file entry-v6.txt (compact mmCIF, C-alpha atoms and all ligand atoms)
# COMPACT_ATOMS: atom_id res chain seq x y z
CA VAL A 1 219.68 9.21 156.95
CA PRO A 2 217.34 12.04 155.89
CA ALA A 3 217.98 13.23 152.32
CA ARG A 4 219.10 16.65 153.53
CA LEU A 5 221.97 15.10 155.47
CA THR A 6 223.49 13.18 152.57
CA ARG A 7 226.67 13.97 150.70
CA ALA A 8 224.58 14.48 147.58
CA HIS A 9 222.65 17.26 149.30
CA ALA A 10 225.91 18.87 150.46
CA ALA A 11 227.08 18.87 146.84
CA GLU A 12 223.81 20.54 145.81
CA LEU A 13 224.35 23.26 148.41
CA ASP A 14 227.84 23.86 146.98
CA ALA A 15 226.47 24.04 143.46
CA ALA A 16 224.03 26.75 144.57
CA ASP A 17 226.64 28.70 146.58
CA PRO A 18 227.21 32.19 145.13
CA LEU A 19 230.66 32.31 146.78
CA ALA A 20 231.81 28.89 145.57
CA ALA A 21 234.31 30.30 143.06
CA LEU A 22 236.27 32.06 145.81
CA ARG A 23 237.69 28.73 146.95
CA ASP A 24 239.96 28.82 143.89
CA ARG A 25 241.54 31.94 145.34
CA PHE A 26 243.10 29.80 148.10
CA VAL A 27 245.93 27.29 148.21
CA LEU A 28 244.57 24.34 150.16
CA PRO A 29 246.14 20.92 150.52
CA LYS A 30 244.13 18.26 148.70
CA GLU A 31 242.06 15.94 150.87
CA VAL A 32 242.23 18.26 153.87
CA ARG A 33 238.96 19.47 155.36
CA TYR A 34 240.16 22.71 156.87
CA LEU A 35 237.82 23.82 159.64
CA ASP A 36 240.23 26.03 161.56
CA GLY A 37 240.17 29.30 159.63
CA ASN A 38 239.03 30.94 162.87
CA SER A 39 242.53 30.30 164.25
CA LEU A 40 244.62 30.67 161.11
CA GLY A 41 243.02 31.55 157.80
CA ALA A 42 244.08 29.62 154.69
CA LEU A 43 246.75 30.90 152.30
CA PRO A 44 245.32 33.04 149.49
CA VAL A 45 246.70 32.62 145.99
CA GLY A 46 249.24 35.36 145.22
CA VAL A 47 250.52 35.83 148.76
CA ALA A 48 253.54 33.56 148.35
CA GLU A 49 254.54 35.41 145.16
CA ALA A 50 254.08 38.83 146.79
CA VAL A 51 256.23 37.87 149.76
CA ALA A 52 258.88 36.28 147.52
CA ALA A 53 259.05 39.46 145.45
CA ALA A 54 259.29 41.64 148.55
CA VAL A 55 262.21 39.54 149.77
CA SER A 56 264.10 39.04 146.51
CA SER A 57 263.54 42.10 144.36
CA GLN A 58 262.63 44.65 147.00
CA TRP A 59 264.81 43.84 150.01
CA GLY A 60 267.40 41.95 147.95
CA GLN A 61 267.87 44.55 145.25
CA HIS A 62 266.60 47.85 146.61
CA LEU A 63 267.84 47.39 150.16
CA ILE A 64 267.03 50.45 152.30
CA GLY A 65 265.57 52.10 149.19
CA GLY A 66 262.56 49.82 149.56
CA TRP A 67 261.07 52.12 152.21
CA ASN A 68 260.47 54.74 149.52
CA ALA A 69 260.65 52.88 146.21
CA ASP A 70 258.48 49.92 147.24
CA GLY A 71 256.06 51.80 149.47
CA TRP A 72 257.06 50.03 152.67
CA TRP A 73 256.62 53.17 154.75
CA GLU A 74 253.06 53.66 153.52
CA ALA A 75 252.12 49.98 153.84
CA PRO A 76 250.29 50.32 157.19
CA ARG A 77 248.09 53.05 155.67
CA ARG A 78 247.35 51.09 152.52
CA VAL A 79 246.44 47.97 154.48
CA ALA A 80 244.34 49.99 156.93
CA ALA A 81 242.42 51.46 153.99
CA ARG A 82 241.55 47.91 152.93
CA ILE A 83 240.46 46.83 156.41
CA ALA A 84 238.43 49.96 157.21
CA PRO A 85 235.49 49.11 154.91
CA LEU A 86 235.38 45.57 156.34
CA VAL A 87 234.68 47.02 159.80
CA GLY A 88 232.48 49.99 158.88
CA ALA A 89 235.18 52.58 159.57
CA VAL A 90 236.62 55.41 157.52
CA PRO A 91 240.31 54.94 156.62
CA GLY A 92 241.50 57.63 159.04
CA GLU A 93 240.10 55.63 161.95
CA VAL A 94 242.12 52.44 161.41
CA THR A 95 245.79 51.58 161.55
CA VAL A 96 247.63 48.28 161.22
CA ALA A 97 250.41 47.54 163.68
CA ASP A 98 251.70 45.18 166.35
CA SER A 99 249.55 42.39 167.75
CA THR A 100 245.97 42.47 168.97
CA SER A 101 247.26 42.17 172.54
CA VAL A 102 249.59 45.16 172.20
CA ASN A 103 246.86 47.21 170.55
CA LEU A 104 244.45 46.35 173.36
CA TYR A 105 246.94 47.76 175.82
CA LYS A 106 247.20 50.98 173.84
CA LEU A 107 243.43 51.40 173.59
CA LEU A 108 242.67 50.52 177.20
CA VAL A 109 245.13 53.08 178.54
CA ALA A 110 244.08 55.70 176.01
CA GLY A 111 240.45 54.99 176.87
CA LEU A 112 241.03 55.57 180.58
CA ARG A 113 242.79 58.84 179.77
CA LEU A 114 239.80 59.94 177.69
CA GLN A 115 237.58 59.44 180.75
CA PRO A 116 239.01 61.53 183.60
CA GLY A 117 237.18 60.91 186.87
CA ARG A 118 236.07 57.42 185.84
CA LYS A 119 238.10 54.35 186.63
CA VAL A 120 236.07 51.20 186.12
CA ILE A 121 236.64 48.85 183.19
CA VAL A 122 233.73 46.45 182.74
CA THR A 123 234.50 43.18 181.00
CA ASP A 124 233.14 39.66 180.56
CA PRO A 125 234.65 37.19 183.05
CA ASP A 126 234.72 34.75 180.09
CA ASN A 127 236.52 37.17 177.78
CA PHE A 128 239.57 35.92 175.87
CA PRO A 129 242.49 35.53 178.33
CA THR A 130 244.71 38.15 176.70
CA ASP A 131 241.91 40.70 177.12
CA LEU A 132 241.43 39.74 180.77
CA TYR A 133 245.14 39.90 181.58
CA LEU A 134 245.61 43.28 179.92
CA ILE A 135 242.51 44.78 181.50
CA ASN A 136 243.73 43.72 184.96
CA GLU A 137 247.21 45.05 184.29
CA VAL A 138 246.02 48.39 182.92
CA ALA A 139 243.70 48.84 185.89
CA ALA A 140 246.52 48.00 188.31
CA THR A 141 249.01 50.32 186.60
CA PHE A 142 246.78 53.30 185.91
CA GLY A 143 244.58 53.45 189.01
CA GLY A 144 241.62 51.71 187.43
CA ALA A 145 239.29 49.01 188.72
CA VAL A 146 237.84 45.95 187.01
CA ARG A 147 234.19 44.92 187.18
CA HIS A 148 233.06 41.62 185.67
CA ALA A 149 229.71 41.30 183.96
CA ARG A 150 228.56 39.15 181.07
CA PRO A 151 226.94 41.12 178.25
CA ALA A 152 223.49 39.89 179.34
CA ASP A 153 224.10 41.38 182.81
CA LEU A 154 225.69 44.60 181.64
CA VAL A 155 222.91 46.95 182.75
CA GLY A 156 223.42 46.06 186.41
CA ALA A 157 227.15 46.77 186.12
CA LEU A 158 226.82 50.24 184.62
CA ASP A 159 227.05 53.52 186.49
CA ALA A 160 228.79 56.87 186.20
CA SER A 161 232.12 55.40 187.39
CA VAL A 162 232.48 53.19 184.29
CA ALA A 163 235.16 54.43 181.93
CA ILE A 164 235.20 51.58 179.42
CA VAL A 165 233.13 48.55 178.58
CA ALA A 166 235.45 46.04 176.87
CA TYR A 167 233.87 43.03 175.20
CA THR A 168 234.71 40.53 172.50
CA GLU A 169 231.91 40.27 169.97
CA VAL A 170 232.25 36.52 169.30
CA ASP A 171 233.18 34.21 172.17
CA TYR A 172 236.21 32.12 171.22
CA ARG A 173 234.80 29.03 172.94
CA SER A 174 231.05 28.98 172.38
CA GLY A 175 230.93 31.18 169.30
CA GLU A 176 228.15 33.20 170.94
CA ARG A 177 227.80 36.60 169.33
CA THR A 178 227.01 39.72 171.35
CA ALA A 179 224.67 42.36 169.95
CA MET A 180 227.17 45.07 169.14
CA ASP A 181 224.79 47.96 168.46
CA ALA A 182 222.60 47.41 171.54
CA VAL A 183 225.52 46.86 173.93
CA THR A 184 227.36 49.92 172.62
CA ALA A 185 224.22 52.00 173.17
CA LEU A 186 223.95 50.76 176.77
CA ALA A 187 227.55 51.75 177.49
CA HIS A 188 226.96 55.18 176.01
CA GLN A 189 223.88 55.74 178.19
CA VAL A 190 226.15 56.09 181.22
CA GLY A 191 228.91 57.90 179.34
CA ALA A 192 231.22 54.89 179.08
CA LEU A 193 233.40 54.20 176.05
CA MET A 194 232.80 50.95 174.18
CA LEU A 195 235.83 48.88 173.17
CA TRP A 196 235.26 45.83 170.94
CA ASP A 197 237.62 42.95 170.27
CA LEU A 198 236.59 41.80 166.80
CA SER A 199 239.18 39.06 166.33
CA HIS A 200 236.56 36.43 165.49
CA SER A 201 234.32 38.86 163.57
CA VAL A 202 236.32 40.71 160.93
CA GLY A 203 236.16 38.96 157.58
CA ALA A 204 233.53 36.49 158.76
CA PHE A 205 230.54 38.82 158.50
CA PRO A 206 229.87 42.53 158.05
CA VAL A 207 231.06 44.59 161.02
CA ASP A 208 229.76 48.14 161.27
CA LEU A 209 231.63 50.12 163.92
CA GLY A 210 230.22 53.33 162.45
CA ARG A 211 226.59 52.23 162.77
CA ALA A 212 227.23 50.92 166.29
CA ASP A 213 229.00 54.22 167.03
CA ALA A 214 231.72 52.26 168.87
CA ASP A 215 234.61 54.17 170.36
CA LEU A 216 237.55 51.76 170.15
CA ALA A 217 238.19 48.38 168.56
CA VAL A 218 240.92 45.85 167.82
CA GLY A 219 241.13 42.67 165.82
CA CYS A 220 243.38 39.98 164.40
CA SER A 221 244.41 39.75 160.78
CA TYR A 222 245.42 36.09 160.70
CA LYS A 223 241.98 34.57 161.36
CA TYR A 224 239.21 35.34 158.84
CA LEU A 225 241.37 37.96 157.09
CA ASN A 226 243.86 35.23 156.11
CA GLY A 227 246.91 37.47 156.61
CA GLY A 228 249.20 34.61 157.68
CA PRO A 229 250.74 33.51 160.98
CA GLY A 230 251.50 36.51 163.18
CA ALA A 231 250.04 39.02 160.71
CA PRO A 232 249.98 42.58 162.11
CA ALA A 233 246.74 43.39 163.89
CA TRP A 234 244.50 46.42 163.33
CA LEU A 235 243.01 48.95 165.69
CA PHE A 236 240.18 51.47 165.38
CA VAL A 237 239.68 54.79 167.12
CA ASN A 238 236.45 56.67 166.42
CA ARG A 239 237.46 59.94 164.79
CA ARG A 240 235.67 61.98 167.47
CA HIS A 241 238.38 60.84 169.92
CA LEU A 242 241.48 61.20 167.76
CA ASP A 243 242.47 64.71 168.86
CA ARG A 244 242.56 63.66 172.51
CA PHE A 245 243.75 60.09 171.91
CA HIS A 246 246.93 59.48 173.92
CA GLN A 247 248.21 55.92 173.90
CA PRO A 248 251.05 54.80 176.17
CA LEU A 249 253.39 53.09 173.69
CA VAL A 250 254.64 56.27 172.12
CA GLY A 251 257.35 55.54 169.62
CA TRP A 252 259.05 57.32 166.82
CA THR A 253 256.77 56.08 164.01
CA GLY A 254 253.78 57.57 165.83
CA HIS A 255 255.50 60.95 166.09
CA ALA A 256 254.19 63.91 164.08
CA ASP A 257 257.47 64.05 162.15
CA PRO A 258 259.41 60.80 162.55
CA PHE A 259 262.35 61.87 160.44
CA ALA A 260 262.86 65.08 162.39
CA PHE A 261 264.23 62.77 165.12
CA ASP A 262 262.87 65.21 167.65
CA PRO A 263 263.96 64.37 171.22
CA THR A 264 260.45 65.29 172.42
CA TYR A 265 257.38 63.29 171.48
CA HIS A 266 254.62 65.07 169.61
CA PRO A 267 251.73 62.82 168.57
CA GLY A 268 251.23 62.20 164.87
CA GLN A 269 248.24 63.34 162.86
CA GLY A 270 245.07 61.40 163.53
CA ILE A 271 245.34 57.63 163.73
CA ASP A 272 249.10 57.69 163.01
CA ARG A 273 249.62 58.44 166.70
CA ALA A 274 248.47 54.91 167.48
CA ARG A 275 251.66 53.57 165.88
CA THR A 276 254.78 52.72 167.86
CA GLY A 277 257.74 51.31 165.94
CA THR A 278 258.88 50.09 162.56
CA PRO A 279 256.17 48.16 160.71
CA ALA A 280 256.63 44.42 160.03
CA VAL A 281 256.99 44.91 156.29
CA LEU A 282 257.10 41.30 155.11
CA SER A 283 254.00 40.47 157.12
CA LEU A 284 252.25 43.58 155.81
CA VAL A 285 253.06 42.54 152.25
CA ALA A 286 251.45 39.16 152.92
CA LEU A 287 248.38 40.74 154.52
CA GLU A 288 247.97 43.29 151.74
CA ALA A 289 248.01 40.58 149.09
CA ALA A 290 245.68 38.40 151.16
CA LEU A 291 243.09 41.16 151.47
CA GLU A 292 242.66 41.29 147.69
CA VAL A 293 240.43 38.24 148.07
CA PHE A 294 237.80 40.52 149.64
CA ASP A 295 237.63 42.86 146.63
CA GLY A 296 234.04 42.99 145.46
CA VAL A 297 232.90 40.35 147.96
CA ASP A 298 229.52 40.94 149.58
CA LEU A 299 230.07 40.41 153.32
CA ALA A 300 226.34 39.81 153.82
CA ALA A 301 226.69 36.79 151.52
CA VAL A 302 229.76 35.70 153.50
CA GLU A 303 227.72 35.90 156.70
CA ALA A 304 224.81 33.98 155.16
CA LYS A 305 227.11 31.20 153.99
CA GLY A 306 228.85 31.01 157.36
CA ARG A 307 225.48 30.58 159.06
CA ALA A 308 224.37 27.93 156.58
CA LEU A 309 227.61 25.97 157.05
CA GLY A 310 227.21 26.13 160.83
CA ASP A 311 223.54 25.10 160.65
CA PHE A 312 224.44 22.15 158.40
CA PHE A 313 227.17 21.08 160.82
CA ILE A 314 224.79 21.30 163.79
CA GLU A 315 222.12 19.29 161.97
CA LEU A 316 224.67 16.60 161.10
CA THR A 317 225.97 16.61 164.67
CA ASP A 318 222.50 16.16 166.15
CA THR A 319 221.83 13.16 163.95
CA ARG A 320 225.20 11.48 163.65
CA LEU A 321 227.46 12.57 166.55
CA LYS A 322 225.00 13.01 169.39
CA PRO A 323 224.59 9.23 169.79
CA TYR A 324 228.28 9.20 170.81
CA GLY A 325 227.72 11.83 173.50
CA LEU A 326 228.82 14.98 171.63
CA GLU A 327 226.76 18.03 172.52
CA VAL A 328 226.49 21.29 170.61
CA ALA A 329 227.97 23.96 172.91
CA SER A 330 227.21 26.90 170.60
CA PRO A 331 224.00 28.86 170.01
CA ARG A 332 221.65 27.02 167.68
CA ASP A 333 220.21 30.30 166.45
CA ALA A 334 222.68 31.30 163.72
CA THR A 335 221.97 35.00 164.24
CA ARG A 336 223.40 34.65 167.76
CA ARG A 337 226.48 32.79 166.58
CA GLY A 338 229.79 33.73 165.01
CA ASN A 339 231.47 31.50 162.49
CA HIS A 340 232.45 28.47 164.54
CA VAL A 341 230.62 25.71 166.34
CA SER A 342 232.00 23.94 169.40
CA LEU A 343 231.10 20.44 170.50
CA ALA A 344 231.50 19.42 174.12
CA HIS A 345 232.86 16.02 175.16
CA PRO A 346 235.38 14.97 177.84
CA GLY A 347 237.39 13.26 175.05
CA ALA A 348 237.48 16.36 172.85
CA TYR A 349 241.28 16.61 172.81
CA PRO A 350 242.09 13.09 171.54
CA MET A 351 239.09 13.22 169.21
CA VAL A 352 240.44 16.36 167.54
CA GLN A 353 243.89 14.77 167.24
CA ALA A 354 242.40 11.66 165.63
CA LEU A 355 240.50 13.86 163.19
CA ILE A 356 243.60 15.87 162.29
CA ASP A 357 245.38 12.58 161.62
CA ARG A 358 242.66 11.87 159.05
CA GLY A 359 242.82 15.27 157.36
CA VAL A 360 239.97 16.96 159.25
CA VAL A 361 241.45 20.02 160.91
CA GLY A 362 239.62 21.61 163.82
CA ASP A 363 241.05 22.54 167.20
CA PHE A 364 240.59 21.96 170.91
CA ARG A 365 239.78 24.52 173.55
CA ALA A 366 240.02 23.65 177.22
CA PRO A 367 238.41 22.12 179.06
CA ASN A 368 236.30 19.99 176.75
CA LEU A 369 235.56 21.64 173.43
CA ALA A 370 236.22 20.44 169.90
CA ARG A 371 235.95 23.60 167.83
CA PHE A 372 235.18 23.82 164.11
CA GLY A 373 235.36 27.07 162.14
CA PHE A 374 233.85 27.62 158.72
CA GLY A 375 235.84 30.10 156.65
CA PRO A 376 233.01 30.99 154.25
CA LEU A 377 235.38 31.99 151.47
CA TYR A 378 236.81 28.50 151.08
CA THR A 379 234.83 25.98 153.13
CA ARG A 380 232.44 23.83 151.14
CA PHE A 381 229.35 22.04 152.37
CA VAL A 382 230.96 18.77 151.27
CA ASP A 383 233.89 19.56 153.59
CA VAL A 384 231.47 19.87 156.50
CA TRP A 385 229.75 16.65 155.47
CA ALA A 386 233.04 14.77 155.10
CA ALA A 387 234.33 16.11 158.40
CA VAL A 388 231.31 14.74 160.25
CA ASP A 389 231.52 11.46 158.33
CA THR A 390 235.15 11.06 159.41
CA PHE A 391 234.15 12.00 162.95
CA VAL A 392 231.59 9.19 162.98
CA GLU A 393 234.25 6.74 161.78
CA VAL A 394 236.67 7.83 164.51
CA LEU A 395 233.97 7.45 167.16
CA ALA A 396 232.46 4.20 165.90
CA SER A 397 235.85 2.50 165.64
CA GLY A 398 237.07 3.93 168.95
CA ALA A 399 240.19 5.08 167.06
CA TRP A 400 240.26 8.31 169.05
CA GLN A 401 241.07 6.33 172.21
CA ASP A 402 244.49 5.36 170.87
CA THR A 403 247.06 6.55 173.44
CA ARG A 404 249.04 8.50 170.82
CA TYR A 405 246.18 11.03 170.61
CA GLN A 406 246.50 11.88 174.31
CA ASP A 407 249.84 13.71 174.09
CA ARG A 408 249.35 17.46 174.30
CA ALA A 409 251.32 19.50 171.77
CA PRO A 410 252.24 23.07 172.81
CA VAL A 411 249.55 24.48 170.49
CA THR A 412 246.15 22.84 170.82
C1 LIG A 501 242.85 35.39 168.62
C2 LIG A 501 242.46 36.42 169.61
C3 LIG A 501 243.41 37.31 170.14
C4 LIG A 501 244.87 37.12 169.80
O1 LIG A 501 245.67 38.16 170.19
P1 LIG A 501 247.19 38.18 169.70
O2 LIG A 501 247.77 39.35 170.34
O3 LIG A 501 247.16 38.19 168.20
O4 LIG A 501 247.82 36.89 170.14
C5 LIG A 501 242.97 38.33 170.97
N1 LIG A 501 241.66 38.43 171.31
C6 LIG A 501 240.74 37.55 170.86
C7 LIG A 501 239.32 37.70 171.25
C8 LIG A 501 241.12 36.52 170.01
O5 LIG A 501 240.22 35.66 169.57
call {"tool": "encode", "arguments": {"input": "entry-v6.txt", "output": "structure tokens"}}
result
Amino acid sequence: VPARLTRAHAAELDAADPLAALRDRFVLPKEVRYLDGNSLGALPVGVAEAVAAAVSSQWGQHLIGGWNADGWWEAPRRVAARIAPLVGAVPGEVTVADSTSVNLYKLLVAGLRLQPGRKVIVTDPDNFPTDLYLINEVAATFGGAVRHARPADLVGALDASVAIVAYTEVDYRSGERTAMDAVTALAHQVGALMLWDLSHSVGAFPVDLGRADADLAVGCSYKYLNGGPGAPAWLFVNRRHLDRFHQPLVGWTGHADPFAFDPTYHPGQGIDRARTGTPAVLSLVALEAALEVFDGVDLAAVEAKGRALGDFFIELTDTRLKPYGLEVASPRDATRRGNHVSLAHPGAYPMVQALIDRGVVGDFRAPNLARFGFGPLYTRFVDVWAAVDTFVEVLASGAWQDTRYQDRAPVT
């Protein structure tokens, strides 16, 4: 084994890692190599206490008074102000509410309404399923039309009938990353709006919606932002569109004066009009506490570490897993990759189950991908090394072929 692929070298890389200390900001089970932060980020220290306090002292003692006394009403704004700098937005362009799917619906409909006379939504046929379903539904409901084109083929799909180009920056299967600035500029050349799904981007590397001059964006808070299962999602509307922004899920919390209980809807100021109903306070409390981990963190360093972890994993795979038929199904050029690497093999599902059984947590994506994400805030190079070492053991022994690893759980 070349010296650079030894455990000792992995330990050296950890010793030289400027972000190494951040791992102590997370609660991680001992002896688990957690390589699934792209699906559910790890639990930051302080979140459990913040949620417990919100339940016991705030809800338990202050009851309805918590909306004012404990700042529940303002929580979406406070959390949005923390997320905005992570995505290159100003605070008035971001709100936190609902799920990514629901927010996509709002932005797609609002985007069509901002583009009278245009009806085509261009998207990637390999986009995340929720994006594809919602794009089809919005087109069917609001007189739109869907055109499929991969980002590399976008130019041929663009004309003056295109209202919106809707892409996900990092592909959930391959991890391939689309050039956000260049693609946004192409969409703008024909007068289309650019909508980005940044679910696998935010918190993993610097995102700059302002520099890209994007129009609309959404993203998850439970992946690299570590907000916890089902954390409220965020959405972005470029401030140049806010005055004319008209989303379909109008609700009382998005009204200009919610407590006037006006029978007629009047949209709230700025980004507030993107809200619908009562915020999920306990989840917002968790997310707000989780985001403290990012205070003072250089996202360029986060990106650099994510790339180095992925490169190390690929190098180890090529040497140690390839002999067993595993193929890297992600870009080898780290600048064209998000923060996960997928390996293709027909036995990917049982292999992942056998790994989980041995404390190496990745996930499976149909039809044949074993997917490994590298949360740069808490993943160590020795975790990557140990994960591959365990993988070799599972392959060499044939342990993955045990029938108990074939059963599909509802979540893969
Ligand atoms: C994870 C993910 C989602 C999830 O949407 P939810 O509404 O939170 O379930 C949406 N889009 C992409 C690209 C994702 O990776």
call {"tool": "residues_near_ligand", "arguments": {"input": "entry-v6.txt", "ligand": "ligand LIG 501 (chain A)", "cutoff": "7 Å", "atoms": "all atoms listed in the file", "output": "list in words"}}
result
Ser39, Ser99, Thr100, Ser101, Val102, Phe128, Thr130, Asp131, Thr168, Tyr172, Asp197, Leu198, Ser199, His200, Gly219, Cys220, Gly230 and Ala233 of chain A
call {"tool": "closest_residue", "arguments": {"input": "entry-v6.txt", "among": "A:Gln115, A:Thr6, A:Asn339, A:Gln247", "to": "Lys305 (chain A)", "atoms": "only C-alpha atoms"}}
result
A:Asn339
call {"tool": "residues_around", "arguments": {"input": "entry-v6.txt", "residues": "region 271-273 of chain A", "least_positions_apart": "5", "cutoff": "8 Å", "atoms": "all atoms listed in the file", "output": "list in words"}}
result
Gly92, Glu93, Val94, Thr95, Val237, Leu242, His246, Gln247, Val250, Thr253, Gly254, His255 and Ala256 of chain A
call {"tool": "atom_distance", "arguments": {"input": "entry-v6.txt", "atom1": "CA of Val51 (chain A)", "atom2": "CA of Ala280 (chain A)"}}
result
12.2 Å
call {"tool": "closest_residue", "arguments": {"input": "entry-v6.txt", "among": "A:Ala179, A:Ala21, A:Leu132, A:Ala145", "to": "Arg336 (chain A)", "atoms": "all atoms listed in the file"}}
result
A:Ala179
call {"tool": "closest_residue", "arguments": {"input": "entry-v6.txt", "among": "A:Leu43, A:Leu158, A:Leu235, A:Ala149", "to": "Arg23 (chain A)", "atoms": "only C-alpha atoms"}}
result
A:Leu43
call {"tool": "atom_distance", "arguments": {"input": "entry-v6.txt", "atom1": "CA of Thr412 (chain A)", "atom2": "CA of Ala348 (chain A)"}}
result
11.0 Å
call {"tool": "closest_residue", "arguments": {"input": "entry-v6.txt", "among": "A:Val47, A:Val170, A:Ala290, A:Ala110", "to": "Asp126 (chain A)", "atoms": "only C-alpha atoms"}}
result
A:Val170
call {"tool": "residues_near_point", "arguments": {"input": "entry-v6.txt", "point": "(234.5, 37.7, 182.8)", "cutoff": "10 Å", "atoms": "all atoms listed in the file", "output": "ChimeraX atom specification"}}
result
/A:122-129,131-132,146-151,167
call {"tool": "atom_distance", "arguments": {"input": "entry-v6.txt", "atom1": "CA of Val27 (chain A)", "atom2": "CA of Ala75 (chain A)"}}
result
24.2 Å
call {"tool": "decode", "arguments": {"input": "entry-v6.txt", "residues": "region 29-44 of chain A", "atoms": "N, CA, C and O atoms", "output": "compact mmCIF listing (two decimals), in the first residue's frame"}}
result
# COMPACT_ATOMS: atom_id res chain seq x y z
N PRO A 29 -21.80 9.45 17.84
CA PRO A 29 -21.59 8.20 18.57
C PRO A 29 -20.16 7.69 18.35
O PRO A 29 -19.64 7.77 17.24
N LYS A 30 -19.55 7.20 19.39
CA LYS A 30 -18.19 6.67 19.29
C LYS A 30 -18.18 5.48 18.33
O LYS A 30 -19.12 4.72 18.27
N GLU A 31 -17.08 5.35 17.62
CA GLU A 31 -16.89 4.19 16.73
C GLU A 31 -17.83 4.18 15.53
O GLU A 31 -17.94 3.17 14.85
N VAL A 32 -18.53 5.29 15.29
CA VAL A 32 -19.32 5.36 14.06
C VAL A 32 -18.59 6.26 13.08
O VAL A 32 -18.11 7.33 13.45
N ARG A 33 -18.46 5.79 11.86
CA ARG A 33 -17.88 6.60 10.78
C ARG A 33 -19.07 7.14 10.01
O ARG A 33 -19.69 6.41 9.23
N TYR A 34 -19.42 8.39 10.29
CA TYR A 34 -20.66 8.93 9.75
C TYR A 34 -20.41 9.61 8.41
O TYR A 34 -19.88 10.71 8.35
N LEU A 35 -20.79 8.95 7.34
CA LEU A 35 -20.58 9.50 6.00
C LEU A 35 -21.93 9.70 5.31
O LEU A 35 -22.12 9.37 4.14
N ASP A 36 -22.87 10.27 6.06
CA ASP A 36 -24.20 10.51 5.50
C ASP A 36 -24.73 11.89 5.87
O ASP A 36 -25.94 12.12 5.89
N GLY A 37 -23.83 12.81 6.14
CA GLY A 37 -24.23 14.18 6.48
C GLY A 37 -24.90 14.90 5.32
O GLY A 37 -25.51 15.95 5.50
N ASN A 38 -24.82 14.32 4.13
CA ASN A 38 -25.52 14.88 2.96
C ASN A 38 -27.01 14.52 3.00
O ASN A 38 -27.80 15.09 2.25
N SER A 39 -27.38 13.56 3.85
CA SER A 39 -28.80 13.22 3.99
C SER A 39 -29.36 13.79 5.29
O SER A 39 -30.46 14.32 5.32
N LEU A 40 -28.60 13.62 6.36
CA LEU A 40 -28.98 14.19 7.66
C LEU A 40 -27.70 14.57 8.40
O LEU A 40 -26.94 13.70 8.81
N GLY A 41 -27.49 15.86 8.53
CA GLY A 41 -26.30 16.35 9.23
C GLY A 41 -26.28 15.86 10.67
O GLY A 41 -27.33 15.56 11.27
N ALA A 42 -25.09 15.79 11.25
CA ALA A 42 -24.93 15.35 12.64
C ALA A 42 -25.48 16.39 13.61
O ALA A 42 -25.73 17.54 13.24
N LEU A 43 -25.66 15.96 14.84
CA LEU A 43 -26.25 16.82 15.89
C LEU A 43 -25.19 17.74 16.49
O LEU A 43 -24.24 17.27 17.12
N PRO A 44 -25.35 19.07 16.33
CA PRO A 44 -24.38 19.97 16.96
C PRO A 44 -24.59 20.05 18.48
O PRO A 44 -25.72 19.94 18.97
